[in-house]
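Q: Here it is, the structure in full.
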Amino acid sequence: MLVAVVADEDGGGGSLWPLHPDGGPAGPVERVADLVAAIGDRERRHHPRWLWASTAGAYPGLLRAGVRVERCHDVELTEALLLGHVGRWGEPRGLPAAWARLTGGPVPPDPPARAAVPPGDHRDALFEVVPTAPPVGIEALSRVYADQQTRIAGTEHPSRFRLLVAAESAGALIAAEMGAAGLPWRADVHDALLVELLGEPSPVGGPPRRLAELAAGIAEAFGVRQLHPESPAELLRAFARAGHELPNTRSWVLRRVEHPAVPLILEYKELYRIWTAHGWAWRQAWVSGGRFRPEYVPAGVVSGRWATRGGGALQIPKVVRRAVRADPGWRLVVADAGQLEPRVLAAVSGDARLAAAGGAGDLYAALARDSFGGDRARAKVALLGAMYGQTGGEAIPALAVLRRSYPTAFEYVEAAARTGEGGGLVRSWLGRTCPPSSVSVRESEEGEGPVLEVAEVDPFGPRARAAARARGRFTRNFVIQATAAEWASTLLALLRAGLAEPGTRPEDRAELVFFQHDEVLVHCPAEQADRVTALVREAAARAGRLLFGDTPVRFPLDVSVVDCYADAD
């Protein structure tokens, strides 16, 4: 059963409309005075699939009222996928914009993303209503949904695209639920480790003691009275005076410089990042009631990976993870998919020899035995070099072996790179489309590969060739990274369904509490840890079968059951 839902402008009442799977009416529209109560009642009795404009707007209020739903179709996320599929990446994707495109009206922009809201600061309305002019009603919602079904049927692989839409919508539910549940966080442990790392905080709001000591040591090493190590410009001038002309102050550049200030600067950079991103001010703003509650943004990155809005949840340093502690009598089940992207390449490329290696517990070791004379490190360099476009140094001979031994897999990423360099579009396995060539690419700050930016590139300018090569490196990895994100989203959806054991009291329910690329955390009563471990492993195996069918490639997980997140292997 599919039920469309639209809230009144006051956010209290609303309309419900049962629909057929194609969007046609399956009954009359029902007006309700208490929309949240009506949704809760129908969910308990029928478990329908809910059709709404945006899970991010609808679901948090339901969760605060104690209402959880099993399934939904998120129009906004689906519209973004469909627009991207035809090369219209970045156009307004909200319901009003989709309705305007369908009816030939002027397309309104999406409302700006609201600022991140720290824990405890909630809006009054239980069911958030985004004002539009004119208001978009339930008939428009149903017609936009029906149009989306038609467009999905017109994609190259409709069944795959439907799985992508389902996983994306499920991910939106999971993101809201994880934000509501929160990651267990011990404020006292956090404060103690900050003092251990940084020293006592400054009574006047300046840097803590250890940072002040390091800053003084760095200035002394350069022979100056004062220097601000957090300022790249000041550091570059100091190194230049010392005879070292550096292009930037990134850590990998500094490590190649022989100067007594370098180890102090590297320590300063690490501790300064902790102080500013996860220090005392961060803890006071984002941790309350023993929980860290960030706002997750599913598909917040163009490859389909998640992002967060506020709180920096996806950049928690390992040392700070010592504050993530299970509640008394509970455990954290931490699952990490090892070698995920190489296994995805083995599954999607059609290279039988690489797929056979992907059936091993250690793919790199299997490659080493098969083609690299037992040299696991060299096999790893070759495979990662092929996926990320590394073309120099020790990768050159290793890539030559890879090309000879696994030509189909090698050509899969090479073809994606060529398409990207030529300005074309590439897609993930389920159909997520990379942004068009009008979006430029730059190298990331930490040298971890290319990153997209929304900016026009002059196709005839002096930077055009470099931009094309950078885009080729991006599309080379996009087809793999985006597919890995789809596998992870599918795993999450399957795991969420498995954790929803009937008859379990809410206070005893195992819950997803954290997700980062290929790592997932479940907080559960200690007696459920074995069951949750089995559910995670089964979800990983099922996700592989759902995406790739009958493949020898395995997707094993490293699973740890711990009291503290930092103790996970």
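Letters for chains follow the order of the structure tokens (A, B, ...), residue numbers begin at 1 for each chain, and ligand numbers begin at 1 in the order shown.
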Can you pull out the residues contacting Glu486 of chain A? Cut-off 8 Å, using only C-alpha atoms, and skip same-chain residues under 4 positions away; I want them as JSON, numbers by chain.
A: {"A": [164, 167, 304, 430, 482, 490]}
Q: How would the residues just chosen look if you wrote them out with N, CA and C atoms as a PDB file, in the first residue's frame?
A:
```
ATOM      1  N   LEU A 164      18.052   1.827  -6.356  1.00  0.00           N
ATOM      2  CA  LEU A 164      18.735   3.039  -5.929  1.00  0.00           C
ATOM      3  C   LEU A 164      17.772   3.983  -5.228  1.00  0.00           C
ATOM      4  N   ALA A 167      16.842   2.525  -1.807  1.00  0.00           N
ATOM      5  CA  ALA A 167      17.941   2.653  -0.851  1.00  0.00           C
ATOM      6  C   ALA A 167      18.103   4.103  -0.406  1.00  0.00           C
ATOM      7  N   GLY A 304      27.201  10.091  -3.777  1.00  0.00           N
ATOM      8  CA  GLY A 304      26.199   9.379  -3.014  1.00  0.00           C
ATOM      9  C   GLY A 304      26.603   9.111  -1.583  1.00  0.00           C
ATOM     10  N   LEU A 430      23.957   1.320 -10.155  1.00  0.00           N
ATOM     11  CA  LEU A 430      22.505   1.456 -10.064  1.00  0.00           C
ATOM     12  C   LEU A 430      21.969   2.647 -10.845  1.00  0.00           C
ATOM     13  N   ALA A 482      30.799   5.608  -6.153  1.00  0.00           N
ATOM     14  CA  ALA A 482      29.354   5.752  -6.094  1.00  0.00           C
ATOM     15  C   ALA A 482      28.666   4.400  -5.943  1.00  0.00           C
ATOM     16  N   THR A 490      22.417   0.088   0.739  1.00  0.00           N
ATOM     17  CA  THR A 490      21.580  -1.111   0.720  1.00  0.00           C
ATOM     18  C   THR A 490      21.807  -1.934   1.977  1.00  0.00           C
TER      19      THR A 490
END
```
Q: So that I can check the surroundings of Gln284 of chain A, please list as an mmCIF file with N, CA and C atoms, in the first residue's frame every protein, DNA and RNA residue that reaches within 12 Å of it, counting only C-alpha atoms and ignoring chain neighbours fewer than 5 positions away.
A:
```cif
data_model
loop_
_atom_site.group_PDB
_atom_site.id
_atom_site.type_symbol
_atom_site.label_atom_id
_atom_site.label_comp_id
_atom_site.auth_asym_id
_atom_site.auth_seq_id
_atom_site.Cartn_x
_atom_site.Cartn_y
_atom_site.Cartn_z
ATOM 1 N N PRO A 118 21.762 22.574 16.982
ATOM 2 C CA PRO A 118 22.334 21.744 18.040
ATOM 3 C C PRO A 118 21.255 21.001 18.807
ATOM 4 N N PRO A 119 21.610 19.958 19.548
ATOM 5 C CA PRO A 119 20.636 19.143 20.269
ATOM 6 C C PRO A 119 19.772 19.987 21.196
ATOM 7 N N GLY A 120 18.488 19.617 21.259
ATOM 8 C CA GLY A 120 17.570 20.282 22.172
ATOM 9 C C GLY A 120 16.911 21.509 21.600
ATOM 10 N N TRP A 185 27.823 9.283 24.098
ATOM 11 C CA TRP A 185 29.013 10.128 24.248
ATOM 12 C C TRP A 185 29.180 10.512 25.718
ATOM 13 N N ARG A 186 30.350 10.178 26.270
ATOM 14 C CA ARG A 186 30.660 10.502 27.659
ATOM 15 C C ARG A 186 31.362 11.855 27.722
ATOM 16 N N ALA A 187 30.649 12.861 28.191
ATOM 17 C CA ALA A 187 31.219 14.205 28.273
ATOM 18 C C ALA A 187 32.412 14.248 29.216
ATOM 19 N N ASP A 188 32.351 13.485 30.339
ATOM 20 C CA ASP A 188 33.461 13.510 31.287
ATOM 21 C C ASP A 188 34.727 12.906 30.677
ATOM 22 N N HIS A 190 35.411 12.840 27.461
ATOM 23 C CA HIS A 190 35.839 13.790 26.450
ATOM 24 C C HIS A 190 36.653 14.921 27.088
ATOM 25 N N ASP A 191 36.144 15.508 28.162
ATOM 26 C CA ASP A 191 36.863 16.601 28.821
ATOM 27 C C ASP A 191 38.219 16.137 29.344
ATOM 28 N N HIS A 278 36.628 19.650 17.748
ATOM 29 C CA HIS A 278 36.013 18.759 18.736
ATOM 30 C C HIS A 278 36.477 19.099 20.150
ATOM 31 N N GLY A 279 36.678 20.364 20.406
ATOM 32 C CA GLY A 279 37.133 20.796 21.720
ATOM 33 C C GLY A 279 35.997 21.046 22.683
ATOM 34 N N GLY A 289 22.674 15.191 27.245
ATOM 35 C CA GLY A 289 21.994 13.982 27.663
ATOM 36 C C GLY A 289 22.749 12.712 27.332
ATOM 37 N N GLY A 290 24.092 12.804 27.263
ATOM 38 C CA GLY A 290 24.891 11.623 26.977
ATOM 39 C C GLY A 290 24.860 11.196 25.523
ATOM 40 N N ARG A 291 24.431 12.087 24.618
ATOM 41 C CA ARG A 291 24.350 11.736 23.205
ATOM 42 C C ARG A 291 24.874 12.868 22.325
ATOM 43 N N PHE A 292 25.547 12.485 21.244
ATOM 44 C CA PHE A 292 25.940 13.403 20.184
ATOM 45 C C PHE A 292 24.960 13.189 19.041
ATOM 46 N N GLY A 311 28.458 19.816 13.431
ATOM 47 C CA GLY A 311 28.924 18.789 14.352
ATOM 48 C C GLY A 311 30.115 17.987 13.882
#
```
Q: Hey, which of A:Val561, A:Ala170, A:Ala539, A:Leu82 ends up closest to Gly154 of chain A? Count only C-alpha atoms.
A: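 Smallest separation from Gly154 of chain A among the options: A:Leu82.
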Q: Need to verify the contact set: segment 396-398 of chain A, 12 Å, only C-alpha atoms, exclusion of same-chain residues closer than 2 positions in sequence. Can you return it as a PyMOL selection string?
A: chain A and resi 367-368+371-373+375-386+389-394+400-406
Q: Using only C-alpha atoms, which protein or nucleic acid residues come within 6 Å of Pro60 of chain A? Drop anything in the same chain fewer than 2 positions from it, and give the result as a ChimeraX atom specification.
A: /A:62-63,176
Q: Restrict the selected residues to N, CA and C atoms and save them as an mmCIF file, in the first residue's frame.
A:
```cif
data_model
loop_
_atom_site.group_PDB
_atom_site.id
_atom_site.type_symbol
_atom_site.label_atom_id
_atom_site.label_comp_id
_atom_site.auth_asym_id
_atom_site.auth_seq_id
_atom_site.Cartn_x
_atom_site.Cartn_y
_atom_site.Cartn_z
ATOM 1 N N LEU A 62 7.891 13.447 13.342
ATOM 2 C CA LEU A 62 7.227 12.192 13.691
ATOM 3 C C LEU A 62 8.015 11.440 14.759
ATOM 4 N N LEU A 63 9.336 11.422 14.606
ATOM 5 C CA LEU A 63 10.168 10.726 15.591
ATOM 6 C C LEU A 63 10.053 11.370 16.961
ATOM 7 N N ALA A 176 17.507 10.276 9.784
ATOM 8 C CA ALA A 176 16.701 10.951 10.793
ATOM 9 C C ALA A 176 16.674 10.154 12.097
#
```
Q: Skipping near chain neighbours, those fewer than 6 positions away, what residues fall within 12 Å of Gly105 of chain A using only C-alpha atoms, listed as a compact mmCIF listing (two decimals) with C-alpha atoms, in the first residue's frame?
A:
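around.txt was written with the following content:
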```
# COMPACT_ATOMS: atom_id res chain seq x y z
CA PRO A 96 7.37 22.68 -5.98
CA ALA A 97 10.13 22.64 -8.61
CA ALA A 98 9.19 19.14 -9.81
CA TRP A 99 5.54 20.18 -10.07
CA PRO A 134 1.25 28.78 -4.41
```
Q: Between A:Glu70, A:Asp10, A:Glu220, A:Asp567, which is the closest to Val324 of chain A once you count only C-alpha atoms?
A: A:Asp567
Q: Write down as a PyMOL selection string the residues belonging to segment 288-516 of chain A that are assigned strand (DSSP E) by DSSP computed on the backbone.
A: chain A and resi 288+291-292+295-297+307-309+330-337+440-443+450-453+511-516
Q: Got a sec: who's within 12 Å of segment 231-247 of chain A, counting only C-alpha atoms, leaving out chain neighbours fewer than 2 positions off, as a PDB file with C-alpha atoms, in the first residue's frame?
A:
```
ATOM      1  CA  ALA A 215      53.524  27.928  19.292  1.00  0.00           C
ATOM      2  CA  ILE A 218      57.856  26.904  16.709  1.00  0.00           C
ATOM      3  CA  ALA A 219      58.639  30.625  16.962  1.00  0.00           C
ATOM      4  CA  GLU A 220      61.922  29.823  18.741  1.00  0.00           C
ATOM      5  CA  ALA A 221      62.870  27.288  16.053  1.00  0.00           C
ATOM      6  CA  PHE A 222      62.468  30.013  13.430  1.00  0.00           C
ATOM      7  CA  GLY A 223      64.281  32.582  15.584  1.00  0.00           C
ATOM      8  CA  VAL A 224      61.331  34.974  15.903  1.00  0.00           C
ATOM      9  CA  ARG A 225      59.497  36.323  18.936  1.00  0.00           C
ATOM     10  CA  GLN A 226      56.014  35.358  17.842  1.00  0.00           C
ATOM     11  CA  LEU A 227      54.397  33.301  15.084  1.00  0.00           C
ATOM     12  CA  HIS A 228      50.853  32.019  14.532  1.00  0.00           C
ATOM     13  CA  PRO A 229      51.264  28.378  13.374  1.00  0.00           C
ATOM     14  CA  THR A 249      51.809  23.902   4.386  1.00  0.00           C
ATOM     15  CA  ARG A 250      50.042  20.590   3.913  1.00  0.00           C
ATOM     16  CA  SER A 251      51.342  17.868   6.171  1.00  0.00           C
ATOM     17  CA  TRP A 252      52.721  15.685   3.365  1.00  0.00           C
ATOM     18  CA  VAL A 253      54.747  18.679   2.093  1.00  0.00           C
ATOM     19  CA  LEU A 254      56.125  19.534   5.527  1.00  0.00           C
ATOM     20  CA  ARG A 255      57.254  15.959   6.184  1.00  0.00           C
ATOM     21  CA  ARG A 256      59.779  16.278   3.339  1.00  0.00           C
ATOM     22  CA  VAL A 257      61.431  19.335   4.937  1.00  0.00           C
ATOM     23  CA  GLU A 258      64.367  19.028   7.333  1.00  0.00           C
ATOM     24  CA  HIS A 259      63.873  21.766   9.894  1.00  0.00           C
ATOM     25  CA  PRO A 260      63.507  21.614  13.707  1.00  0.00           C
ATOM     26  CA  ALA A 261      60.122  23.356  13.522  1.00  0.00           C
ATOM     27  CA  VAL A 262      58.518  20.647  11.381  1.00  0.00           C
ATOM     28  CA  ILE A 265      54.165  22.203  13.463  1.00  0.00           C
ATOM     29  CA  LEU A 266      52.774  18.761  12.641  1.00  0.00           C
ATOM     30  CA  TYR A 268      50.337  21.711  16.444  1.00  0.00           C
ATOM     31  CA  LYS A 269      48.224  21.130  13.327  1.00  0.00           C
ATOM     32  CA  TYR A 272      44.711  22.604  16.766  1.00  0.00           C
TER      33      TYR A 272
END
```
Q: Which residue, A:Leu340, A:Met178, A:Ala37, A:Ala468, has the smallest gap to Gly420 of chain A when you use only C-alpha atoms?
A: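 Between A:Leu340, A:Met178, A:Ala37, A:Ala468, the residue approaching Gly420 of chain A most closely is A:Ala468.
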Q: Using only C-alpha atoms, which protein or nucleic acid residues come within 6 Å of Leu16 of chain A? Drop anything in the same chain fewer than 3 positions from it, and give the result as a CSV table (one decimal) with N, CA and C atoms, in the first residue's frame.
A:
```csv
chain,number,residue,atom,x,y,z
A,4,ALA,N,0.0,8.7,0.1
A,4,ALA,CA,0.5,10.1,0.0
A,4,ALA,C,0.1,10.9,1.2
A,5,VAL,N,1.0,11.8,1.6
A,5,VAL,CA,0.7,12.6,2.8
A,5,VAL,C,1.2,14.0,2.6
A,29,VAL,N,-9.4,10.9,-0.9
A,29,VAL,CA,-8.5,11.6,0.0
A,29,VAL,C,-9.2,11.7,1.4
A,30,GLU,N,-8.4,11.5,2.4
A,30,GLU,CA,-8.9,11.6,3.8
A,30,GLU,C,-8.3,12.8,4.5
```
Q: Can you check which residues of segment 202-233 of chain A DSSP gives as helix (DSSP H, G or I) on the backbone and send them as number ranges by chain?
A: A: 209-222, 232-233
Q: The selected residues should be written to file as a PDB file, in the first residue's frame (atoms: N, CA and C atoms).
A:
```
ATOM      1  N   ARG A 209      46.979  25.201  26.997  1.00  0.00           N
ATOM      2  CA  ARG A 209      48.390  25.262  27.377  1.00  0.00           C
ATOM      3  C   ARG A 209      49.313  24.588  26.364  1.00  0.00           C
ATOM      4  N   ARG A 210      49.001  23.366  25.914  1.00  0.00           N
ATOM      5  CA  ARG A 210      49.919  22.659  25.029  1.00  0.00           C
ATOM      6  C   ARG A 210      50.082  23.382  23.698  1.00  0.00           C
ATOM      7  N   LEU A 211      49.008  23.945  23.164  1.00  0.00           N
ATOM      8  CA  LEU A 211      49.124  24.693  21.915  1.00  0.00           C
ATOM      9  C   LEU A 211      49.970  25.940  22.106  1.00  0.00           C
ATOM     10  N   ALA A 212      49.813  26.600  23.247  1.00  0.00           N
ATOM     11  CA  ALA A 212      50.635  27.784  23.515  1.00  0.00           C
ATOM     12  C   ALA A 212      52.111  27.402  23.604  1.00  0.00           C
ATOM     13  N   GLU A 213      52.401  26.255  24.248  1.00  0.00           N
ATOM     14  CA  GLU A 213      53.791  25.806  24.338  1.00  0.00           C
ATOM     15  C   GLU A 213      54.366  25.482  22.959  1.00  0.00           C
ATOM     16  N   LEU A 214      53.577  24.810  22.135  1.00  0.00           N
ATOM     17  CA  LEU A 214      54.053  24.471  20.791  1.00  0.00           C
ATOM     18  C   LEU A 214      54.268  25.720  19.949  1.00  0.00           C
ATOM     19  N   ALA A 215      53.362  26.687  20.061  1.00  0.00           N
ATOM     20  CA  ALA A 215      53.524  27.928  19.292  1.00  0.00           C
ATOM     21  C   ALA A 215      54.812  28.635  19.679  1.00  0.00           C
ATOM     22  N   ALA A 216      55.118  28.654  20.974  1.00  0.00           N
ATOM     23  CA  ALA A 216      56.358  29.283  21.424  1.00  0.00           C
ATOM     24  C   ALA A 216      57.578  28.527  20.905  1.00  0.00           C
ATOM     25  N   GLY A 217      57.495  27.171  20.915  1.00  0.00           N
ATOM     26  CA  GLY A 217      58.609  26.374  20.405  1.00  0.00           C
ATOM     27  C   GLY A 217      58.824  26.561  18.908  1.00  0.00           C
ATOM     28  N   ILE A 218      57.744  26.691  18.159  1.00  0.00           N
ATOM     29  CA  ILE A 218      57.856  26.904  16.709  1.00  0.00           C
ATOM     30  C   ILE A 218      58.494  28.259  16.426  1.00  0.00           C
ATOM     31  N   ALA A 219      58.046  29.292  17.145  1.00  0.00           N
ATOM     32  CA  ALA A 219      58.639  30.625  16.962  1.00  0.00           C
ATOM     33  C   ALA A 219      60.135  30.597  17.285  1.00  0.00           C
ATOM     34  N   GLU A 220      60.506  29.918  18.367  1.00  0.00           N
ATOM     35  CA  GLU A 220      61.922  29.823  18.741  1.00  0.00           C
ATOM     36  C   GLU A 220      62.726  29.100  17.669  1.00  0.00           C
ATOM     37  N   ALA A 221      62.160  28.029  17.103  1.00  0.00           N
ATOM     38  CA  ALA A 221      62.870  27.288  16.053  1.00  0.00           C
ATOM     39  C   ALA A 221      63.136  28.153  14.831  1.00  0.00           C
ATOM     40  N   PHE A 222      62.268  29.103  14.564  1.00  0.00           N
ATOM     41  CA  PHE A 222      62.468  30.013  13.430  1.00  0.00           C
ATOM     42  C   PHE A 222      63.231  31.279  13.814  1.00  0.00           C
ATOM     43  N   PRO A 232      48.839  29.698   7.434  1.00  0.00           N
ATOM     44  CA  PRO A 232      49.733  29.194   6.384  1.00  0.00           C
ATOM     45  C   PRO A 232      50.657  30.284   5.840  1.00  0.00           C
ATOM     46  N   ALA A 233      50.144  31.499   5.705  1.00  0.00           N
ATOM     47  CA  ALA A 233      50.972  32.581   5.150  1.00  0.00           C
ATOM     48  C   ALA A 233      52.176  32.860   6.040  1.00  0.00           C
TER      49      ALA A 233
END
```
Q: May I ask for the distance between atom CA of Glu511 of chain A and atom CA of Leu499 of chain A, given in Å to one decimal place?
A: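 So the two atoms, atom CA of Glu511 of chain A and atom CA of Leu499 of chain A, lie 7.2 Å apart.
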